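S.K.: Here you go, target.tsv (TSV, C-alpha atoms (C1' of nucleotides)):
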```tsv
chain	number	residue	atom	x	y	z
A	601	MET	CA	5.29	-19.19	-24.16
A	602	GLN	CA	3.71	-17.03	-21.49
A	603	ASP	CA	0.32	-18.38	-22.50
A	604	LYS	CA	1.57	-21.90	-22.05
A	605	ILE	CA	2.61	-21.23	-18.46
A	606	TYR	CA	-0.63	-19.33	-17.88
A	607	LEU	CA	-2.69	-22.32	-19.00
A	608	GLU	CA	-0.56	-24.73	-17.01
A	609	ILE	CA	-1.11	-22.79	-13.81
A	610	LEU	CA	-4.86	-22.51	-14.41
A	611	ASP	CA	-4.92	-26.22	-15.01
A	612	LYS	CA	-2.85	-27.01	-11.95
A	613	TYR	CA	-5.41	-25.27	-9.75
A	614	SER	CA	-8.47	-26.43	-11.76
A	615	LEU	CA	-9.42	-22.88	-12.68
A	616	SER	CA	-11.47	-22.10	-15.77
A	617	ASN	CA	-9.90	-20.18	-18.59
A	618	THR	CA	-12.55	-17.50	-18.71
A	619	LYS	CA	-12.64	-14.40	-20.85
A	620	SER	CA	-12.11	-12.11	-17.85
A	621	ARG	CA	-9.05	-14.02	-16.80
A	622	ARG	CA	-7.57	-13.97	-20.27
A	623	VAL	CA	-8.15	-10.24	-20.59
A	624	LEU	CA	-6.75	-9.49	-17.15
A	625	PHE	CA	-3.71	-11.66	-17.69
A	626	HIS	CA	-3.08	-9.92	-20.97
A	627	ILE	CA	-3.36	-6.47	-19.41
A	628	ILE	CA	-0.76	-7.33	-16.81
A	629	ALA	CA	1.49	-9.28	-19.16
A	630	SER	CA	1.55	-6.54	-21.78
A	631	SER	CA	2.26	-3.69	-19.40
A	632	LYS	CA	5.81	-2.44	-19.31
A	633	LYS	CA	5.50	-1.49	-15.67
A	634	PRO	CA	3.64	-2.84	-12.63
A	635	LEU	CA	0.03	-1.66	-12.41
A	636	SER	CA	-2.06	-0.74	-9.38
A	637	ALA	CA	-5.49	-2.28	-8.80
A	638	THR	CA	-7.11	0.97	-9.93
A	639	GLU	CA	-5.06	1.16	-13.08
A	640	ILE	CA	-6.04	-2.39	-13.92
A	641	ILE	CA	-9.71	-1.65	-13.23
A	642	ASP	CA	-9.51	1.31	-15.59
A	643	ARG	CA	-7.92	-0.70	-18.37
A	644	ALA	CA	-10.39	-3.53	-17.91
A	645	SER	CA	-13.46	-1.29	-17.70
A	646	GLY	CA	-16.09	-2.15	-20.26
A	647	THR	CA	-14.85	-5.72	-20.31
A	648	MET	CA	-15.62	-6.68	-16.73
A	649	ASP	CA	-16.78	-5.42	-13.38
A	650	LYS	CA	-14.30	-4.13	-10.81
A	651	THR	CA	-15.41	-6.87	-8.44
A	652	THR	CA	-14.13	-9.40	-10.93
A	653	VAL	CA	-10.86	-7.55	-11.15
A	654	TYR	CA	-10.32	-7.71	-7.40
A	655	ARG	CA	-11.33	-11.36	-7.21
A	656	THR	CA	-9.17	-12.31	-10.14
A	657	LEU	CA	-6.13	-10.43	-8.86
A	658	ASP	CA	-6.56	-12.31	-5.64
A	659	THR	CA	-6.75	-15.65	-7.42
A	660	PHE	CA	-3.82	-14.81	-9.68
A	661	GLU	CA	-1.72	-13.86	-6.69
A	662	LYS	CA	-2.57	-16.94	-4.68
A	663	THR	CA	-1.76	-19.27	-7.57
A	664	GLY	CA	1.50	-17.53	-8.35
A	665	LEU	CA	0.48	-16.05	-11.68
A	666	ILE	CA	1.21	-12.55	-10.48
A	667	LYS	CA	2.87	-10.91	-7.51
A	668	HIS	CA	2.58	-7.55	-5.88
A	669	VAL	CA	5.42	-5.09	-5.53
A	670	SER	CA	5.75	-1.84	-3.61
A	671	ILE	CA	6.34	1.15	-5.82
A	672	GLY	CA	6.50	4.26	-3.69
A	673	TRP	CA	3.32	4.34	-1.66
A	674	LYS	CA	1.35	1.88	-3.69
A	675	GLN	CA	1.04	-1.82	-4.13
A	676	LYS	CA	1.20	-2.75	-7.77
A	677	PHE	CA	0.94	-5.99	-9.71
A	678	GLU	CA	3.11	-7.65	-12.30
A	679	LEU	CA	3.71	-11.15	-13.62
A	680	SER	CA	5.33	-13.49	-11.12
A	681	ASP	CA	8.80	-14.93	-11.42
A	682	ASN	CA	7.25	-17.89	-13.24
A	683	PHE	CA	7.20	-15.63	-16.29
A	684	THR	CA	10.11	-13.31	-15.82
A	685	HIS	CA	13.47	-13.58	-14.20
A	686	HIS	CA	13.30	-12.70	-10.57
A	687	HIS	CA	14.00	-8.98	-10.43
A	688	HIS	CA	13.46	-5.74	-8.57
A	689	HIS	CA	12.67	-2.17	-9.43
A	690	MET	CA	14.29	1.18	-9.20
A	691	SER	CA	11.91	4.05	-9.81
A	692	CYS	CA	12.77	7.64	-10.62
A	693	ILE	CA	11.08	10.06	-8.25
A	694	VAL	CA	11.19	12.77	-10.90
A	695	CYS	CA	9.88	11.19	-14.10
A	696	GLY	CA	8.40	8.02	-12.63
A	697	LYS	CA	10.35	5.75	-14.91
A	698	VAL	CA	10.64	2.22	-13.54
A	699	THR	CA	13.77	0.22	-14.33
A	700	SER	CA	14.15	-3.46	-13.52
A	701	PHE	CA	17.34	-5.03	-12.26
A	702	GLU	CA	18.43	-8.46	-11.18
A	703	GLU	CA	20.21	-8.93	-7.93
A	704	SER	CA	23.76	-10.11	-7.90
A	705	TYR	CA	25.18	-13.23	-6.40
A	706	LYS	CA	26.82	-11.10	-3.73
A	707	LEU	CA	23.51	-9.70	-2.72
A	708	LEU	CA	22.00	-13.15	-2.42
A	709	ALA	CA	24.97	-14.22	-0.32
A	710	GLU	CA	24.27	-11.31	2.00
A	711	LEU	CA	20.68	-12.45	2.42
A	712	GLU	CA	21.89	-15.90	3.35
A	713	ARG	CA	24.16	-14.37	5.94
A	714	LEU	CA	21.14	-12.56	7.39
A	715	GLU	CA	19.23	-15.85	7.61
A	716	GLU	CA	22.06	-17.24	9.71
A	717	ALA	CA	22.51	-14.18	11.84
A	718	TYR	CA	18.85	-13.71	12.67
A	719	ARG	CA	17.81	-17.36	12.54
A	720	PHE	CA	15.07	-16.55	10.12
A	721	ILE	CA	14.07	-18.40	6.97
A	722	ILE	CA	13.61	-15.95	4.13
A	723	ASP	CA	10.85	-17.02	1.75
A	724	GLU	CA	10.66	-13.77	-0.12
A	725	HIS	CA	12.65	-10.60	-0.37
A	726	VAL	CA	11.67	-7.21	-1.68
A	727	ILE	CA	14.23	-4.65	-2.71
A	728	GLU	CA	13.02	-1.32	-3.93
A	729	LEU	CA	15.18	1.62	-4.91
A	730	HIS	CA	14.06	5.20	-5.27
A	731	GLY	CA	16.13	7.93	-6.79
A	732	ARG	CA	16.83	9.74	-10.00
A	733	CYS	CA	17.53	8.26	-13.40
A	734	ILE	CA	20.36	9.55	-15.53
A	735	SER	CA	18.15	11.99	-17.45
A	736	CYS	CA	16.61	13.50	-14.35
A	737	SER	CA	19.75	13.73	-12.26
A	738	ARG	CA	21.19	16.87	-13.79
B	64	MET	CA	16.47	12.78	23.33
B	65	GLN	CA	13.79	11.87	20.83
B	66	ASP	CA	11.79	14.84	22.02
B	67	LYS	CA	14.72	17.11	21.38
B	68	ILE	CA	14.97	16.01	17.75
B	69	TYR	CA	11.19	16.22	17.45
B	70	LEU	CA	11.19	19.82	18.60
B	71	GLU	CA	14.14	20.70	16.40
B	72	ILE	CA	12.41	19.42	13.31
B	73	LEU	CA	9.17	21.22	14.15
B	74	ASP	CA	11.21	24.37	14.64
B	75	LYS	CA	13.13	23.91	11.42
B	76	TYR	CA	9.90	23.88	9.45
B	77	SER	CA	8.15	26.50	11.61
B	78	LEU	CA	5.47	24.06	12.70
B	79	SER	CA	3.55	24.49	15.94
B	80	ASN	CA	4.01	22.01	18.72
B	81	THR	CA	0.33	21.23	19.11
B	82	LYS	CA	-1.30	18.65	21.33
B	83	SER	CA	-2.31	16.48	18.37
B	84	ARG	CA	1.21	16.41	17.06
B	85	ARG	CA	2.66	15.53	20.44
B	86	VAL	CA	0.15	12.70	20.90
B	87	LEU	CA	0.68	11.34	17.41
B	88	PHE	CA	4.43	11.51	17.69
B	89	HIS	CA	4.24	9.67	20.97
B	90	ILE	CA	2.00	6.94	19.53
B	91	ILE	CA	4.47	6.27	16.74
B	92	ALA	CA	7.56	6.65	18.90
B	93	SER	CA	6.31	4.28	21.58
B	94	SER	CA	5.16	1.53	19.23
B	95	LYS	CA	7.44	-1.47	18.96
B	96	LYS	CA	6.42	-2.05	15.37
B	97	PRO	CA	5.40	0.13	12.42
B	98	LEU	CA	1.72	1.12	12.46
B	99	SER	CA	-0.74	1.54	9.62
B	100	ALA	CA	-2.79	4.71	9.22
B	101	THR	CA	-5.84	2.87	10.51
B	102	GLU	CA	-4.03	1.54	13.55
B	103	ILE	CA	-2.84	5.05	14.34
B	104	ILE	CA	-6.36	6.44	13.92
B	105	ASP	CA	-7.65	3.83	16.35
B	106	ARG	CA	-5.03	4.62	18.96
B	107	ALA	CA	-5.59	8.34	18.57
B	108	SER	CA	-9.37	8.15	18.64
B	109	GLY	CA	-10.91	10.27	21.36
B	110	THR	CA	-7.94	12.58	21.21
B	111	MET	CA	-8.30	13.84	17.67
B	112	ASP	CA	-10.20	13.48	14.43
B	113	LYS	CA	-9.00	11.08	11.73
B	114	THR	CA	-8.59	14.01	9.37
B	115	THR	CA	-5.99	15.40	11.70
B	116	VAL	CA	-4.24	12.05	11.76
B	117	TYR	CA	-3.96	11.93	7.98
B	118	ARG	CA	-2.83	15.53	7.74
B	119	THR	CA	-0.30	15.11	10.51
B	120	LEU	CA	1.12	11.90	9.09
B	121	ASP	CA	1.54	13.74	5.83
B	122	THR	CA	3.34	16.61	7.52
B	123	PHE	CA	5.50	14.29	9.61
B	124	GLU	CA	6.51	12.36	6.54
B	125	LYS	CA	7.34	15.44	4.47
B	126	THR	CA	9.49	16.90	7.23
B	127	GLY	CA	11.31	13.64	7.86
B	128	LEU	CA	9.90	12.95	11.30
B	129	ILE	CA	8.50	9.62	10.17
B	130	LYS	CA	8.80	7.36	7.15
B	131	HIS	CA	6.61	4.71	5.64
B	132	VAL	CA	7.62	1.10	5.17
B	133	SER	CA	5.99	-1.75	3.31
B	134	ILE	CA	5.01	-4.62	5.55
B	135	GLY	CA	3.32	-7.28	3.50
B	136	TRP	CA	0.47	-5.61	1.66
B	137	LYS	CA	0.32	-2.51	3.76
B	138	GLN	CA	2.09	0.76	4.13
B	139	LYS	CA	2.98	1.44	7.73
B	140	PHE	CA	4.66	4.27	9.60
B	141	GLU	CA	7.55	4.45	11.98
B	142	LEU	CA	10.05	7.05	13.17
B	143	SER	CA	12.51	8.14	10.51
B	144	ASP	CA	16.22	7.45	10.52
B	145	ASN	CA	16.66	10.74	12.35
B	146	PHE	CA	15.60	8.86	15.47
B	147	THR	CA	16.72	5.32	14.89
B	148	HIS	CA	19.55	3.73	13.07
B	149	HIS	CA	18.70	3.13	9.46
B	150	HIS	CA	17.26	-0.37	9.35
B	151	HIS	CA	14.93	-2.76	7.60
B	152	HIS	CA	12.36	-5.35	8.59
B	153	MET	CA	11.89	-9.04	8.32
B	154	SER	CA	8.38	-10.17	9.15
B	155	CYS	CA	7.22	-13.66	9.98
B	156	ILE	CA	4.33	-14.74	7.79
B	157	VAL	CA	3.15	-17.13	10.50
B	158	CYS	CA	3.12	-15.15	13.73
B	159	GLY	CA	3.48	-11.65	12.29
B	160	LYS	CA	6.51	-10.83	14.39
B	161	VAL	CA	8.56	-8.00	12.93
B	162	THR	CA	12.32	-8.02	13.45
B	163	SER	CA	14.58	-5.13	12.54
B	164	PHE	CA	18.01	-5.53	11.05
B	165	GLU	CA	20.73	-3.25	9.84
B	166	GLU	CA	22.24	-3.76	6.45
B	167	SER	CA	25.86	-4.70	6.16
B	168	TYR	CA	28.63	-2.81	4.51
B	169	LYS	CA	28.69	-5.42	1.77
B	170	LEU	CA	25.08	-4.79	1.00
B	171	LEU	CA	25.68	-1.06	0.74
B	172	ALA	CA	28.60	-1.73	-1.57
B	173	GLU	CA	26.29	-3.75	-3.78
B	174	LEU	CA	23.88	-0.84	-3.97
B	175	GLU	CA	26.71	1.42	-5.05
B	176	ARG	CA	27.59	-1.04	-7.75
B	177	LEU	CA	24.00	-0.89	-8.96
B	178	GLU	CA	24.16	2.89	-9.11
B	179	GLU	CA	27.14	2.59	-11.42
B	180	ALA	CA	25.71	-0.18	-13.52
B	181	TYR	CA	22.35	1.44	-14.10
B	182	ARG	CA	23.46	5.04	-13.97
B	183	PHE	CA	20.91	5.81	-11.34
B	184	ILE	CA	21.28	7.85	-8.18
B	185	ILE	CA	19.75	5.99	-5.27
B	186	ASP	CA	18.19	8.33	-2.72
B	187	GLU	CA	16.39	5.67	-0.78
B	188	HIS	CA	16.33	1.90	-0.59
B	189	VAL	CA	13.77	-0.42	0.84
B	190	ILE	CA	14.58	-3.99	1.77
B	191	GLU	CA	11.82	-6.15	3.11
B	192	LEU	CA	12.11	-9.80	4.01
B	193	HIS	CA	9.27	-12.21	4.50
B	194	GLY	CA	9.63	-15.65	5.94
B	195	ARG	CA	9.45	-17.61	9.13
B	196	CYS	CA	11.06	-16.82	12.45
B	197	ILE	CA	12.89	-19.48	14.41
B	198	SER	CA	9.85	-20.36	16.53
B	199	CYS	CA	7.53	-20.73	13.56
B	200	SER	CA	9.89	-22.59	11.29
B	201	ARG	CA	9.49	-26.05	12.79
C	719	DC	C1'	-3.68	39.30	17.05
C	720	DT	C1'	-3.38	36.33	13.16
C	721	DA	C1'	-1.69	32.64	10.74
C	722	DA	C1'	-1.58	27.90	11.50
C	723	DC	C1'	-4.07	24.07	12.94
C	724	DT	C1'	-8.13	21.27	13.92
C	725	DG	C1'	-12.96	19.34	13.81
C	726	DC	C1'	-16.87	18.30	11.40
C	727	DA	C1'	-19.59	16.97	7.57
C	728	DA	C1'	-19.60	15.51	3.20
C	729	DA	C1'	-17.61	13.72	-0.87
C	730	DA	C1'	-14.54	10.75	-3.31
C	731	DC	C1'	-12.34	6.73	-3.79
C	732	DT	C1'	-11.17	1.78	-2.81
C	733	DT	C1'	-12.30	-2.80	-1.46
C	734	DT	C1'	-15.52	-6.44	0.17
C	735	DT	C1'	-19.85	-9.08	0.47
C	736	DG	C1'	-24.22	-11.52	-0.78
C	737	DC	C1'	-26.98	-13.18	-4.05
C	738	DA	C1'	-29.00	-13.98	-8.58
C	739	DT	C1'	-27.43	-15.00	-13.29
C	740	DT	C1'	-24.19	-16.67	-16.73
C	741	DA	C1'	-20.48	-19.22	-18.75
C	742	DG	C1'	-16.91	-22.96	-18.94
C	743	DT	C1'	-15.81	-27.78	-19.09
D	372	DA	C1'	-25.86	-30.31	-16.41
D	373	DC	C1'	-23.24	-28.87	-12.72
D	374	DT	C1'	-20.00	-26.01	-10.67
D	375	DA	C1'	-17.27	-22.20	-10.94
D	376	DA	C1'	-17.14	-17.52	-12.21
D	377	DT	C1'	-19.27	-13.10	-12.98
D	378	DG	C1'	-22.27	-8.87	-12.55
D	379	DC	C1'	-24.81	-5.91	-9.90
D	380	DA	C1'	-26.09	-3.45	-5.94
D	381	DA	C1'	-25.07	-2.30	-1.62
D	382	DA	C1'	-22.14	-1.97	2.33
D	383	DA	C1'	-17.86	-1.21	4.52
D	384	DG	C1'	-13.63	0.90	4.82
D	385	DT	C1'	-10.18	4.47	3.66
D	386	DT	C1'	-8.63	9.00	2.31
D	387	DT	C1'	-9.50	13.79	0.78
D	388	DT	C1'	-11.70	18.37	0.69
D	389	DG	C1'	-13.90	22.77	2.13
D	390	DC	C1'	-15.03	25.62	5.51
D	391	DA	C1'	-15.90	27.43	10.07
D	392	DG	C1'	-14.10	27.65	14.58
D	393	DT	C1'	-10.10	27.24	17.74
D	394	DT	C1'	-5.41	27.58	19.39
D	395	DA	C1'	-0.33	28.36	19.57
D	396	DG	C1'	3.21	31.71	19.33
```
Starting from the file, lay out its structure as structure tokens.
M.R.:
Amino acid sequence: MQDKIYLEILDKYSLSNTKSRRVLFHIIASSKKPLSATEIIDRASGTMDKTTVYRTLDTFEKTGLIKHVSIGWKQKFELSDNFTHHHHHMSCIVCGKVTSFEESYKLLAELERLEEAYRFIIDEHVIELHGRCISCSR
Amino acid sequence: MQDKIYLEILDKYSLSNTKSRRVLFHIIASSKKPLSATEIIDRASGTMDKTTVYRTLDTFEKTGLIKHVSIGWKQKFELSDNFTHHHHHMSCIVCGKVTSFEESYKLLAELERLEEAYRFIIDEHVIELHGRCISCSR
DNA sequence: CTAACTGCAAAACTTTTGCATTAGT
DNA sequence: ACTAATGCAAAAGTTTTGCAGTTAG
């Protein structure tokens, strides 16, 4: 299923389905948490050059295959909402565990209110929560 | 007023009120928008070494004088909520204009609901909106 | 005076660029 | 075969480290 969308997007933008791209897509798709550029370079090392990683991440991001999210200080990458339900992250500052959550209707309604109030068209919203998970909070 | 809080925090952590720190605090305090490390280094150049900038930003962040926010791809710095009302940013992807907004009570209530639902204690939340401001949206 | 802070030089790490070679369709 | 994609080497940019010298309290 994910592969089908992957191929469709490559096709849509007339991009070749190269080995590097398949490997990189797989690395990101199979990770349970968002990965930083460096983490991806490490996991891809041996298979491709880091230059290719940067270029491919850029391509993947521009075509909507992946998106970047802010986790703490870093920018990390994960599959775009084309593959997963739109969601956000809460990360535990103690153990580093990253939990995904979907926003509620009420929250979306609040964003719409902000659009009105500030006369601003919201194309994208990022919500990031930091704190302590149940195991680390006692 | 800001200076008073600045001095109090330095005092609280037994930090010296050095020239570099005063200059750096002033650069951040007087900027209308959050600044990246590089932007701060540029503005401070001539006055101090970049090493000092990095070390000072680190100190300022740890002591709660400043905080970092995600604007697009970058991490930027601004005064912490000790100086300003807690707020978030919406940035225009066309002209780059950054507008601040305060979150509503409803939004906070939603965050509390999330704490319950996911059994997670939220210490900090980041909300970042990207889109187009009124002037750029037509 | 002396502990904290800073500057400098160098290293480490991250990202970008140009060009020659290779691989995909 | 032709173009897009990759690898390599080098440059550019960013952040960190160690140490010697300086400064604030």
S.K.: Rounded to one decimal place, report the atom CA of A:Cys692-atom CA of A:His730 distance in Å.
M.R.: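 For atom CA of A:Cys692 relative to atom CA of A:His730, the distance reads 6.0 Å.
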S.K.: Determine which residues of chain B sit within 8 Å of chain D, taking into account all atoms listed in the file, and present them as a list in words.
M.R.: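 Per the criterion, chain B yields Ser79, Asn80, Thr81 and Tyr117 of chain B.
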S.K.: Using all atoms listed in the file, which chain B residues lie at most 10 Å away from chain A, written as a VMD selection string?
M.R.: chain B and resid 131 to 139 153 to 156 162 to 174 176 to 178 180 to 200
S.K.: What are the residues of chain C that have an atom within 8 Å of an atom of chain B, counting only C-alpha atoms (C1' of nucleotides), as a PDB file with C-alpha atoms (C1' of nucleotides), keeping the file's coordinate frame?
M.R.:
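As a result, part30.pdb now contains:
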```pdb
ATOM      1  C1'  DA C 722      -1.580  27.900  11.500  1.00  0.00           C
ATOM      2  C1'  DT C 724      -8.130  21.270  13.920  1.00  0.00           C
ATOM      3  C1'  DG C 725     -12.960  19.340  13.810  1.00  0.00           C
TER       4       DG C 725
END
```
S.K.: In Å, how far is it from atom CA of A:Ile641 to atom CA of A:Lys667?
M.R.: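 For atom CA of A:Ile641 relative to atom CA of A:Lys667, the distance reads 16.6 Å.
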S.K.: Compile the contact shell of B:Val86 as a PyMOL selection string: residues with an atom at most 8 Å away, counting only C-alpha atoms (C1' of nucleotides), same-chain residues fewer than 4 positions apart removed.
M.R.: chain B and resi 82+90+107
S.K.: Show which residues sit within 6 Å of stretch 95-100 of chain B, as a list in words. Count all atoms listed in the file, and ignore same-chain residues fewer than 2 positions away.
M.R.: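 My list of contacting residues is Glu102, Ile103, Lys139, Phe140 and Glu141 of chain B.
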S.K.: Using only C-alpha atoms (C1' of nucleotides), determine which residues lie at most 10 Å from A:Ser630, disregarding the query and same-chain residues fewer than 4 positions distant; provide the list as a VMD selection string.
M.R.: chain A and resid 624 to 626 678 to 679
S.K.: What is the distance, in Å and to one decimal place, between atom CA of B:Tyr69 and atom CA of B:Val116?
M.R.: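 Taking atom CA of B:Tyr69 and atom CA of B:Val116, their separation equals 17.0 Å.
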